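**Q** Pasting a structure below so you can have a look.
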Amino acid sequence: MDKSKLETEINSALEAAGFELVDIKLASHNGKPLIQVFVDREKGGVNLDDCEHLSEKVGACLDMNNFYANGYFLEVSSPGVDRVLKKEKDFKRFAGQQVKVRLKRPVNNARVYYGAIAGFENGQLLLTGDLKFSLEDIDEARLHPTDDEILKRK
């Protein structure tokens with residue numbers, strides 16, 4: 001399976017509906033492919049009706065491009081309160097918010113760092129405390145809201 005082609009096609013279907021692709025995870029369930037698609041919208045977030053509507057769109061896209069001729073399982077959901085951050089625009093959008101960054105290799109004997117996003121410049125994530133990490137060195141970055149921040153959203 002060419003994951004980049006899959007991402008391109010799914011992203012096109014989502015953008016046409018006014019949503020953005022946050023992440024795709026591929027796995028297996030009962031011997032069939034499981035495609036987990038995480039979506040977001042800059043204003044308004046994602047609700048259950050959105051997921052249902054987008055599931056139909058993504059399913060049609062998968063079928064039309066014949067990605068999985070022998071069937072598949074599809075899950076479309078919001079990225080959650082601890083959403084993954086991958087692109088420069090993600091880091092800029094969530095500037096000032098707390099994140100957890102896991103690095104591919106240790107820096108100063110640590111692979112996991114926490115801090116607030118201070119900016120993004122020249123391909124580097126800037127965190128409070130004068131920490132800088134290039135996108136190439138980041139294994140995963142996720143929002144890391146406090147309990148109070150999570151409760152305020154409800």
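In the structure tokens, chains take letters A, B, ... by order of appearance, with residues numbered from 1 within each chain and ligands from 1 in the order shown.
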List the spatial neighbours of Arg41 of chain A as a ChimeraX atom specification - criterion: any atom at most 8 Å away, only C-alpha atoms, same-chain residues fewer than 6 positions off excluded.
**A** /A:18-20
**Q** Could you pull out the helix (DSSP H, G or I) residues of segment 30-111 of chain A, going by DSSP on the backbone, and write them as a PyMOL selection string?
**A** chain A and resi 48-64+88-93
**Q** Write out the residues from the selection above, keeping N, CA and C atoms, as a compact mmCIF listing (two decimals), in the first residue's frame.
**A**
```
# COMPACT_ATOMS: atom_id res chain seq x y z
N LEU A 48 -19.96 14.23 15.87
CA LEU A 48 -20.30 12.89 15.42
C LEU A 48 -20.93 12.88 14.02
N ASP A 49 -21.79 13.86 13.74
CA ASP A 49 -22.39 13.95 12.40
C ASP A 49 -21.33 14.18 11.33
N ASP A 50 -20.33 15.01 11.65
CA ASP A 50 -19.22 15.23 10.72
C ASP A 50 -18.50 13.93 10.43
N CYS A 51 -18.22 13.17 11.47
CA CYS A 51 -17.50 11.90 11.30
C CYS A 51 -18.29 10.93 10.43
N GLU A 52 -19.59 10.90 10.63
CA GLU A 52 -20.45 10.02 9.81
C GLU A 52 -20.41 10.45 8.35
N HIS A 53 -20.57 11.73 8.11
CA HIS A 53 -20.55 12.28 6.75
C HIS A 53 -19.20 12.04 6.08
N LEU A 54 -18.12 12.30 6.82
CA LEU A 54 -16.77 12.13 6.27
C LEU A 54 -16.42 10.67 6.06
N SER A 55 -16.97 9.80 6.89
CA SER A 55 -16.75 8.37 6.71
C SER A 55 -17.28 7.91 5.36
N GLU A 56 -18.46 8.42 4.99
CA GLU A 56 -19.03 8.09 3.68
C GLU A 56 -18.13 8.62 2.55
N LYS A 57 -17.65 9.86 2.70
CA LYS A 57 -16.79 10.46 1.68
C LYS A 57 -15.47 9.70 1.53
N VAL A 58 -14.84 9.40 2.69
CA VAL A 58 -13.55 8.69 2.65
C VAL A 58 -13.76 7.28 2.11
N GLY A 59 -14.83 6.61 2.53
CA GLY A 59 -15.12 5.27 2.02
C GLY A 59 -15.30 5.27 0.52
N ALA A 60 -16.02 6.25 0.00
CA ALA A 60 -16.21 6.37 -1.45
C ALA A 60 -14.87 6.59 -2.15
N CYS A 61 -14.02 7.40 -1.55
CA CYS A 61 -12.69 7.67 -2.10
C CYS A 61 -11.86 6.38 -2.15
N LEU A 62 -11.89 5.61 -1.06
CA LEU A 62 -11.14 4.35 -1.01
C LEU A 62 -11.66 3.37 -2.07
N ASP A 63 -12.98 3.30 -2.21
CA ASP A 63 -13.58 2.38 -3.17
C ASP A 63 -13.30 2.82 -4.60
N MET A 64 -13.45 4.10 -4.86
CA MET A 64 -13.25 4.62 -6.22
C MET A 64 -11.81 4.40 -6.70
N GLU A 88 4.11 22.54 10.06
CA GLU A 88 4.41 23.88 10.53
C GLU A 88 3.14 24.63 10.91
N LYS A 89 2.10 24.50 10.08
CA LYS A 89 0.86 25.22 10.36
C LYS A 89 0.20 24.75 11.66
N ASP A 90 0.40 23.48 12.04
CA ASP A 90 -0.13 22.97 13.30
C ASP A 90 0.53 23.69 14.48
N PHE A 91 1.85 23.80 14.43
CA PHE A 91 2.59 24.43 15.52
C PHE A 91 2.25 25.92 15.62
N LYS A 92 2.04 26.56 14.49
CA LYS A 92 1.68 27.98 14.51
C LYS A 92 0.25 28.16 15.03
N ARG A 93 -0.64 27.28 14.63
CA ARG A 93 -2.04 27.36 15.06
C ARG A 93 -2.18 27.21 16.58
```
**Q** Do a neighbour search on segment 123-134 of chain A at 12 Å with only C-alpha atoms, toss out local chain neighbours closer than 6 positions, and write the hits as an MDAnalysis selection string.
**A** chainID A and resid 85:92 94:108 111:117 140:141
**Q** Once you have the residues from the selection above, write them out as a PDB file, in the first residue's frame, restricted to C-alpha atoms.
**A**
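Result written to result_34.pdb:
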```pdb
ATOM      1  CA  LEU A  85       1.017  18.085  15.593  1.00  0.00           C
ATOM      2  CA  LYS A  86       2.957  17.338  12.412  1.00  0.00           C
ATOM      3  CA  LYS A  87       3.090  20.362  10.162  1.00  0.00           C
ATOM      4  CA  GLU A  88       4.414  23.884  10.532  1.00  0.00           C
ATOM      5  CA  LYS A  89       0.856  25.219  10.358  1.00  0.00           C
ATOM      6  CA  ASP A  90      -0.132  22.971  13.304  1.00  0.00           C
ATOM      7  CA  PHE A  91       2.587  24.435  15.523  1.00  0.00           C
ATOM      8  CA  LYS A  92       1.679  27.984  14.512  1.00  0.00           C
ATOM      9  CA  PHE A  94      -1.475  26.076  18.580  1.00  0.00           C
ATOM     10  CA  ALA A  95       1.219  28.589  19.608  1.00  0.00           C
ATOM     11  CA  GLY A  96       1.270  29.144  23.361  1.00  0.00           C
ATOM     12  CA  GLN A  97      -0.271  25.769  24.172  1.00  0.00           C
ATOM     13  CA  GLN A  98       1.451  23.002  26.111  1.00  0.00           C
ATOM     14  CA  VAL A  99       2.912  20.080  24.151  1.00  0.00           C
ATOM     15  CA  LYS A 100       4.680  16.798  24.739  1.00  0.00           C
ATOM     16  CA  VAL A 101       7.501  16.171  22.266  1.00  0.00           C
ATOM     17  CA  ARG A 102       9.057  12.733  21.810  1.00  0.00           C
ATOM     18  CA  LEU A 103      12.332  12.750  19.879  1.00  0.00           C
ATOM     19  CA  LYS A 104      13.759  10.054  17.628  1.00  0.00           C
ATOM     20  CA  ARG A 105      17.104  10.254  19.452  1.00  0.00           C
ATOM     21  CA  PRO A 106      17.980  11.592  22.909  1.00  0.00           C
ATOM     22  CA  VAL A 107      19.082  15.196  23.339  1.00  0.00           C
ATOM     23  CA  ASN A 108      20.839  15.920  26.651  1.00  0.00           C
ATOM     24  CA  ARG A 111      13.846  11.847  24.461  1.00  0.00           C
ATOM     25  CA  VAL A 112      10.683  13.426  25.924  1.00  0.00           C
ATOM     26  CA  TYR A 113      10.217  17.137  26.523  1.00  0.00           C
ATOM     27  CA  TYR A 114       7.262  19.204  27.737  1.00  0.00           C
ATOM     28  CA  GLY A 115       6.723  22.915  27.216  1.00  0.00           C
ATOM     29  CA  ALA A 116       4.617  25.603  25.608  1.00  0.00           C
ATOM     30  CA  ILE A 117       4.986  26.295  21.901  1.00  0.00           C
ATOM     31  CA  GLU A 140       5.827  12.681  17.723  1.00  0.00           C
ATOM     32  CA  ALA A 141       4.485  15.968  19.076  1.00  0.00           C
TER      33      ALA A 141
END
```
**Q** Write out as a list of chain:residue names which residues come within 8 Å of Val22 of chain A when counting only C-alpha atoms, dropping same-chain ones fewer than 2 positions away.
**A**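 In the requested form, the answer reads A:Glu20, A:Ile24, A:Val37, A:Phe38, A:Val39, A:Asp40, A:Pro79, A:Val84, A:Leu85, A:Lys86.
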**Q** Restricted to N, CA and C atoms, what would the selected residues look like written as an mmCIF file, in the first residue's frame?
**A**
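Output below, filename part-v3.cif:
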```
data_model
loop_
_atom_site.group_PDB
_atom_site.id
_atom_site.type_symbol
_atom_site.label_atom_id
_atom_site.label_comp_id
_atom_site.auth_asym_id
_atom_site.auth_seq_id
_atom_site.Cartn_x
_atom_site.Cartn_y
_atom_site.Cartn_z
ATOM 1 N N GLU A 20 -9.593 19.137 7.441
ATOM 2 C CA GLU A 20 -8.195 18.852 7.189
ATOM 3 C C GLU A 20 -7.837 17.475 7.726
ATOM 4 N N ILE A 24 -3.243 9.656 9.626
ATOM 5 C CA ILE A 24 -3.797 8.367 9.201
ATOM 6 C C ILE A 24 -2.967 7.284 9.868
ATOM 7 N N VAL A 37 -8.665 7.433 10.329
ATOM 8 C CA VAL A 37 -8.477 8.762 9.766
ATOM 9 C C VAL A 37 -8.879 9.786 10.826
ATOM 10 N N PHE A 38 -7.940 10.665 11.151
ATOM 11 C CA PHE A 38 -8.187 11.706 12.153
ATOM 12 C C PHE A 38 -8.316 13.040 11.439
ATOM 13 N N VAL A 39 -9.436 13.716 11.671
ATOM 14 C CA VAL A 39 -9.758 14.946 10.943
ATOM 15 C C VAL A 39 -10.027 16.092 11.912
ATOM 16 N N ASP A 40 -9.873 17.295 11.412
ATOM 17 C CA ASP A 40 -10.161 18.475 12.214
ATOM 18 C C ASP A 40 -10.656 19.578 11.299
ATOM 19 N N PRO A 79 -9.250 14.342 16.240
ATOM 20 C CA PRO A 79 -7.925 13.986 16.753
ATOM 21 C C PRO A 79 -7.856 13.953 18.275
ATOM 22 N N VAL A 84 -2.221 15.140 17.611
ATOM 23 C CA VAL A 84 -0.861 15.120 17.103
ATOM 24 C C VAL A 84 -0.620 16.398 16.294
ATOM 25 N N LEU A 85 0.598 16.916 16.368
ATOM 26 C CA LEU A 85 1.017 18.085 15.593
ATOM 27 C C LEU A 85 2.146 17.625 14.677
ATOM 28 N N LYS A 86 1.969 17.835 13.371
ATOM 29 C CA LYS A 86 2.957 17.338 12.412
ATOM 30 C C LYS A 86 3.541 18.422 11.515
#
```
**Q** Could you find all residues in segment 33-134 of chain A that DSSP calls strand (DSSP E) from the backbone, and write them as number ranges by chain?
**A** A: 33-40, 73-77, 84-85, 98-107, 110-121, 124-127, 131-134
**Q** Quick one: write out the picked residues with N, CA and C atoms as a compact mmCIF listing (two decimals), in the first residue's frame?
**A**
```
# COMPACT_ATOMS: atom_id res chain seq x y z
N PRO A 33 -7.55 -4.83 6.54
CA PRO A 33 -6.94 -3.54 6.86
C PRO A 33 -7.89 -2.66 7.67
N LEU A 34 -7.32 -1.96 8.65
CA LEU A 34 -8.03 -0.97 9.44
C LEU A 34 -7.40 0.38 9.13
N ILE A 35 -8.21 1.30 8.63
CA ILE A 35 -7.75 2.64 8.29
C ILE A 35 -8.39 3.61 9.28
N GLN A 36 -7.55 4.23 10.10
CA GLN A 36 -8.03 5.22 11.06
C GLN A 36 -7.65 6.60 10.53
N VAL A 37 -8.67 7.43 10.33
CA VAL A 37 -8.48 8.76 9.77
C VAL A 37 -8.88 9.79 10.83
N PHE A 38 -7.94 10.67 11.15
CA PHE A 38 -8.19 11.71 12.15
C PHE A 38 -8.32 13.04 11.44
N VAL A 39 -9.44 13.72 11.67
CA VAL A 39 -9.76 14.95 10.94
C VAL A 39 -10.03 16.09 11.91
N ASP A 40 -9.87 17.30 11.41
CA ASP A 40 -10.16 18.48 12.21
C ASP A 40 -10.66 19.58 11.30
N PHE A 73 -11.78 -1.99 7.15
CA PHE A 73 -12.51 -1.32 8.22
C PHE A 73 -12.05 0.14 8.22
N LEU A 74 -12.99 1.06 8.39
CA LEU A 74 -12.68 2.48 8.37
C LEU A 74 -13.21 3.15 9.62
N GLU A 75 -12.35 3.94 10.25
CA GLU A 75 -12.75 4.76 11.40
C GLU A 75 -12.38 6.20 11.08
N VAL A 76 -13.33 7.10 11.21
CA VAL A 76 -13.07 8.53 11.05
C VAL A 76 -13.42 9.20 12.36
N SER A 77 -12.47 9.95 12.92
CA SER A 77 -12.72 10.60 14.20
C SER A 77 -11.97 11.91 14.33
N VAL A 84 -2.22 15.14 17.61
CA VAL A 84 -0.86 15.12 17.10
C VAL A 84 -0.62 16.40 16.29
N LEU A 85 0.60 16.92 16.37
CA LEU A 85 1.02 18.09 15.59
C LEU A 85 2.15 17.63 14.68
N GLN A 98 0.52 24.00 25.60
CA GLN A 98 1.45 23.00 26.11
C GLN A 98 1.50 21.80 25.18
N VAL A 99 2.72 21.26 24.98
CA VAL A 99 2.91 20.08 24.15
C VAL A 99 3.86 19.09 24.83
N LYS A 100 3.74 17.86 24.38
CA LYS A 100 4.68 16.80 24.74
C LYS A 100 5.38 16.42 23.45
N VAL A 101 6.71 16.48 23.45
CA VAL A 101 7.50 16.17 22.27
C VAL A 101 8.36 14.94 22.55
N ARG A 102 8.22 13.93 21.71
CA ARG A 102 9.06 12.73 21.81
C ARG A 102 10.02 12.75 20.62
N LEU A 103 11.31 12.67 20.90
CA LEU A 103 12.33 12.75 19.88
C LEU A 103 12.75 11.36 19.39
N LYS A 104 13.27 11.32 18.19
CA LYS A 104 13.76 10.05 17.63
C LYS A 104 15.01 9.59 18.36
N ARG A 105 15.87 10.54 18.74
CA ARG A 105 17.10 10.25 19.45
C ARG A 105 17.21 11.20 20.65
N PRO A 106 17.85 10.74 21.73
CA PRO A 106 17.98 11.59 22.91
C PRO A 106 18.77 12.87 22.64
N VAL A 107 18.36 13.93 23.30
CA VAL A 107 19.08 15.20 23.34
C VAL A 107 19.27 15.51 24.82
N ALA A 110 17.72 12.90 27.13
CA ALA A 110 16.26 12.76 27.25
C ALA A 110 15.64 12.71 25.85
N ARG A 111 14.58 11.92 25.73
CA ARG A 111 13.85 11.85 24.46
C ARG A 111 12.49 12.52 24.55
N VAL A 112 12.01 12.83 25.75
CA VAL A 112 10.68 13.43 25.92
C VAL A 112 10.83 14.79 26.60
N TYR A 113 10.18 15.78 25.99
CA TYR A 113 10.22 17.14 26.52
C TYR A 113 8.80 17.70 26.58
N TYR A 114 8.54 18.53 27.58
CA TYR A 114 7.26 19.20 27.74
C TYR A 114 7.53 20.71 27.74
N GLY A 115 6.61 21.46 27.18
CA GLY A 115 6.72 22.92 27.22
C GLY A 115 5.62 23.55 26.40
N ALA A 116 5.58 24.87 26.42
CA ALA A 116 4.62 25.60 25.61
C ALA A 116 5.27 25.94 24.27
N ILE A 117 4.47 25.94 23.23
CA ILE A 117 4.99 26.29 21.90
C ILE A 117 5.28 27.79 21.89
N ALA A 118 6.56 28.12 21.69
CA ALA A 118 6.98 29.52 21.64
C ALA A 118 7.05 30.04 20.21
N GLY A 119 7.03 29.13 19.25
CA GLY A 119 7.07 29.54 17.85
C GLY A 119 7.54 28.41 16.96
N PHE A 120 7.69 28.76 15.70
CA PHE A 120 8.19 27.82 14.71
C PHE A 120 8.97 28.64 13.68
N GLU A 121 10.26 28.40 13.57
CA GLU A 121 11.11 29.16 12.66
C GLU A 121 12.13 28.25 11.99
N GLN A 124 12.14 24.60 12.65
CA GLN A 124 12.35 24.18 14.02
C GLN A 124 11.19 24.59 14.92
N LEU A 125 10.79 23.66 15.78
CA LEU A 125 9.81 23.94 16.81
C LEU A 125 10.54 24.60 17.97
N LEU A 126 10.02 25.73 18.42
CA LEU A 126 10.60 26.45 19.55
C LEU A 126 9.69 26.27 20.75
N LEU A 127 10.26 25.77 21.84
CA LEU A 127 9.50 25.60 23.08
C LEU A 127 10.04 26.56 24.13
N LEU A 131 14.25 25.75 24.14
CA LEU A 131 14.39 24.45 23.49
C LEU A 131 14.03 24.58 22.02
N LYS A 132 14.83 23.93 21.15
CA LYS A 132 14.57 23.95 19.71
C LYS A 132 14.75 22.53 19.18
N PHE A 133 13.78 22.10 18.38
CA PHE A 133 13.85 20.78 17.77
C PHE A 133 13.44 20.88 16.31
N SER A 134 14.23 20.29 15.41
CA SER A 134 13.84 20.29 14.01
C SER A 134 12.77 19.23 13.79
```
**Q** With only C-alpha atoms as the basis for distance, which of A:Gly44, A:Gly71, A:Gly31, A:Asn66 is at the shortest distance from Leu6 of chain A?
**A** A:Asn66
